[in-house]
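Below is one structure; the comments refer to it alone.
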Amino acid sequence: MLKRITPLLWLLFSAGGTVAAFFLPVHLLLTGLAFPLGWLEAPRYEILQRLLAHPVTRLYLFVLVSLPLFHWAHRFRYTLYDGLQLKHLTVLIAVLCYGTALAGTAMAAYLLWSIP
Amino acid sequence: MGYTVKADPHYTLYHPRWYRRRMSVWWWLHNRAYAFFVLREITSVFVAFTALLYLWQIRALIQGPQAYEQFLARLKTPLFLTLDTVAFLFVLFHAITWFNLTPKAMVVRMGGKRVPDWAIIGVNYAAWIVLSGAVAFLLLRG
Amino acid sequence: MPSTVALSVARYRPEQESEPTFQTYEIPFRKDWVVLDALNYVKDTMDGSLSYRWSCRMGVCGSCGMKVNGTPKLTCATFLSEHMPGPIRIEPLDNFPVVRDLVVDLTDFVRKLKQVKPWIVRKEEKPLAEGEYLQTPAELEAYKQFSMCINCMLCYSACPIYGLEPSFIGPAAIALAQRYNLDSRDQGASERLKLMSEDDGIWQCTFVGECTEVCPKHVDPAGAIQQYKLSGATQWVKSLLLPWGTR
């Protein structure tokens with residue numbers, strides 16, 4: 001079954017990799033380093049809340065969370081399969097990887113949808 | 001053609017005297033190129049880490065100001081600062097290798113000639129700067 | 001420059017040993033010699049039992065592929081001077097069964113090559129009376145790079161995926177399939193895609209990129225495979241959205 005949707009999984013991997021490449025470095029630099037370390041002033045809660053009110057922001061965040069997860073799922077699956085030669089576990093690995101990505105996507109969708 | 005050649009797990013003729021070398025589990029340490037490749041693939045773990053970090057942030061934001069303060073405080077702990085630094089380096093490595101490899105997958109033709117690789121890579125980096133600037137602007141303007 | 005160099009050559013004589021060994025030969029060093037010259041010197045004057053393949057000695061036949069100091073190379077195009085001081089390690093290509101000494105069995109590749117249909121596939125043959133196929137320089141340029149393959153198998157030796165998964169169709173075969181897909185005279189792309197969409201087709205590749213690094217003819221099989229993935233995925237989406245359309 002996985003074989004039939006391999007092109008789709010690869011497209012998700014590519015899209016995820018592109019989103020990750022363009023957007024994750026700046027986000028992580030700010031959120032993970034610049035703001036906690038005080039290099040730059042972190043946005044106040046009210047500002048973020050205002051940003052979050054926009055449906056465009058919610059869509060952007062959904063894409064920012066979901067696609068990189070699918071990118072990881074596809075790539076990590078092959079890393080385990082090739083790098084560690086875990087061929088006998090191939091179905092389990094696929095289920096765990098894509099399952100996690102799906103779970104993350106579902107969680108993101110639920111959270112972003114449930115905001116008033 | 002009357003017959004089909006099937007993909008066969010015994011991929012060569014069976015010959016008892018031919019020596020078949022097994023690939024070691026440590027094959028990826030055998031040369032620099034392979035090690036670089038595996039390092040590049042490991043970046044995906046940190047890409048996932050960052051995505052989940054953002055999921056956590058969104059959840060904290062929705063739960064209210066106190067939850068968000070807790071989240072911010074957690075990010076200041078040495079554990080997360082270290083994790084985030086390592087993750088950032090790997091995510092950066094992902095971005096650079098991704099942009100450098102894009103022209104291989106996407107052949108753009110303009111006026112009959114193939115656009116050279118450096119032009120495509122250059123466009124990628126330029127877009128990266130613009131998009132990162134836009135995100136930073138939105139988050140920093142207060 | 002020293003006057004001699006040591007060659008550490010892999011030997012495997014199935015009738016007398018069950019595992020490969022190394023044998024060292026001290027040969028004269030000449031700055032204009034390639035590794036193939038060195039091997040020929042050994043075979044002509046020192047050890048006639050050494051077995052290896054070679055033919056054109058000028059980098060167009062693809063016969064003399066071997067690993068020199070761990071890297072797959074054409075021995076007719078690898079100068080001894082590049083690997084001084086010795087010893088220079090010469091081994092058979094990776095990922096193929098060793099028949100004897102430096103000779104490997106290439107049946108697997110030949111079988112896979114046939115499977116990808118590396119010839120012009122037409123839905124309807126053009127009758128002779130209509131004359132030849134016309135092709136513009138731009139149409140030629142679209143596939144020319146991939147047509148440079150000399151089937152030397154260095155890419156298969158360099159590809160770790162082929163080593164881990166012997167059923168993987170492999171860089172050269174996919175590059176050659178793409179060479180025909182991109183040829184304006186060919187109409188067989190959908191036939192080839194059926195084979196390539198299998199588990200051991202293009203999707204097995206994880207873009208390590210070593211195949212392109214070692215290719216002596218600059219075919220860039222890695223690029224061919226990534227382009228094939230993109231076109232394969234696009235084709236798949238199209239077939240989902242427009243099921244009645246066929247290429």
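Going by the structure tokens order, chains are called A, B, ..., each with residues numbered from 1, while ligands are numbered from 1 in the order shown.
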Quiz prompt | Secondary structure check, helix (DSSP H, G or I) residues of segment 13-121 of chain B, as number ranges by chain | solution = B: 27-29, 32-63, 65-76, 78-105, 117-121
Quiz prompt | Spatial neighbours of Arg75 of chain A, max dist 12 Å, only C-alpha atoms, sep filter under 6 positions, as a ChimeraX atom specification | solution = /A:9-14,16-17,68-69,81-83,93-94,97-98,101 /B:37-48,94 /C:203-207
Practice problem: Pull out every residue of chain A that has at least one atom within 6 Å of chain B, counting only C-alpha atoms, and report them as a PyMOL selection string. | Solution: chain A and resi 21-22+25-26+32+36+43+65+69+72
Quiz item: Where in segment 2-141 of chain B does DSSP assign strand (DSSP E or B), given as a PyMOL selection string?
Solution: chain B and resi 19+109-110+113-114
Exercise. Using only C-alpha atoms, find which residues of chain C lie within 10 Å of chain A and jot them down as a PyMOL selection string.
Key: chain C and resi 160-161+163-165+197-199+203-206+229-237
Within 6 Å of chain B, which residues of chain C show up? Give each one with its shortest atom-to-atom distance in Å (one decimal) and the two atoms involved, counting only C-alpha atoms, rows by chain then rising residue number, as JSON lines.
{"residue": "C:Pro14", "atom": "CA", "partner": "B:Arg17", "partner_atom": "CA", "distance": 5.8}
{"residue": "C:Pro97", "atom": "CA", "partner": "B:Arg20", "partner_atom": "CA", "distance": 4.6}
{"residue": "C:Val98", "atom": "CA", "partner": "B:Tyr19", "partner_atom": "CA", "distance": 4.9}
{"residue": "C:Val99", "atom": "CA", "partner": "B:Trp18", "partner_atom": "CA", "distance": 4.9}
{"residue": "C:Asp108", "atom": "CA", "partner": "B:Thr12", "partner_atom": "CA", "distance": 5.5}
{"residue": "C:Ala138", "atom": "CA", "partner": "B:Gly112", "partner_atom": "CA", "distance": 5.8}
{"residue": "C:Val208", "atom": "CA", "partner": "B:Phe37", "partner_atom": "CA", "distance": 5.9}
{"residue": "C:Gly223", "atom": "CA", "partner": "B:Lys104", "partner_atom": "CA", "distance": 4.7}
{"residue": "C:Gln226", "atom": "CA", "partner": "B:Ala105", "partner_atom": "CA", "distance": 4.7}
{"residue": "C:Gln227", "atom": "CA", "partner": "B:Ala105", "partner_atom": "CA", "distance": 4.7}
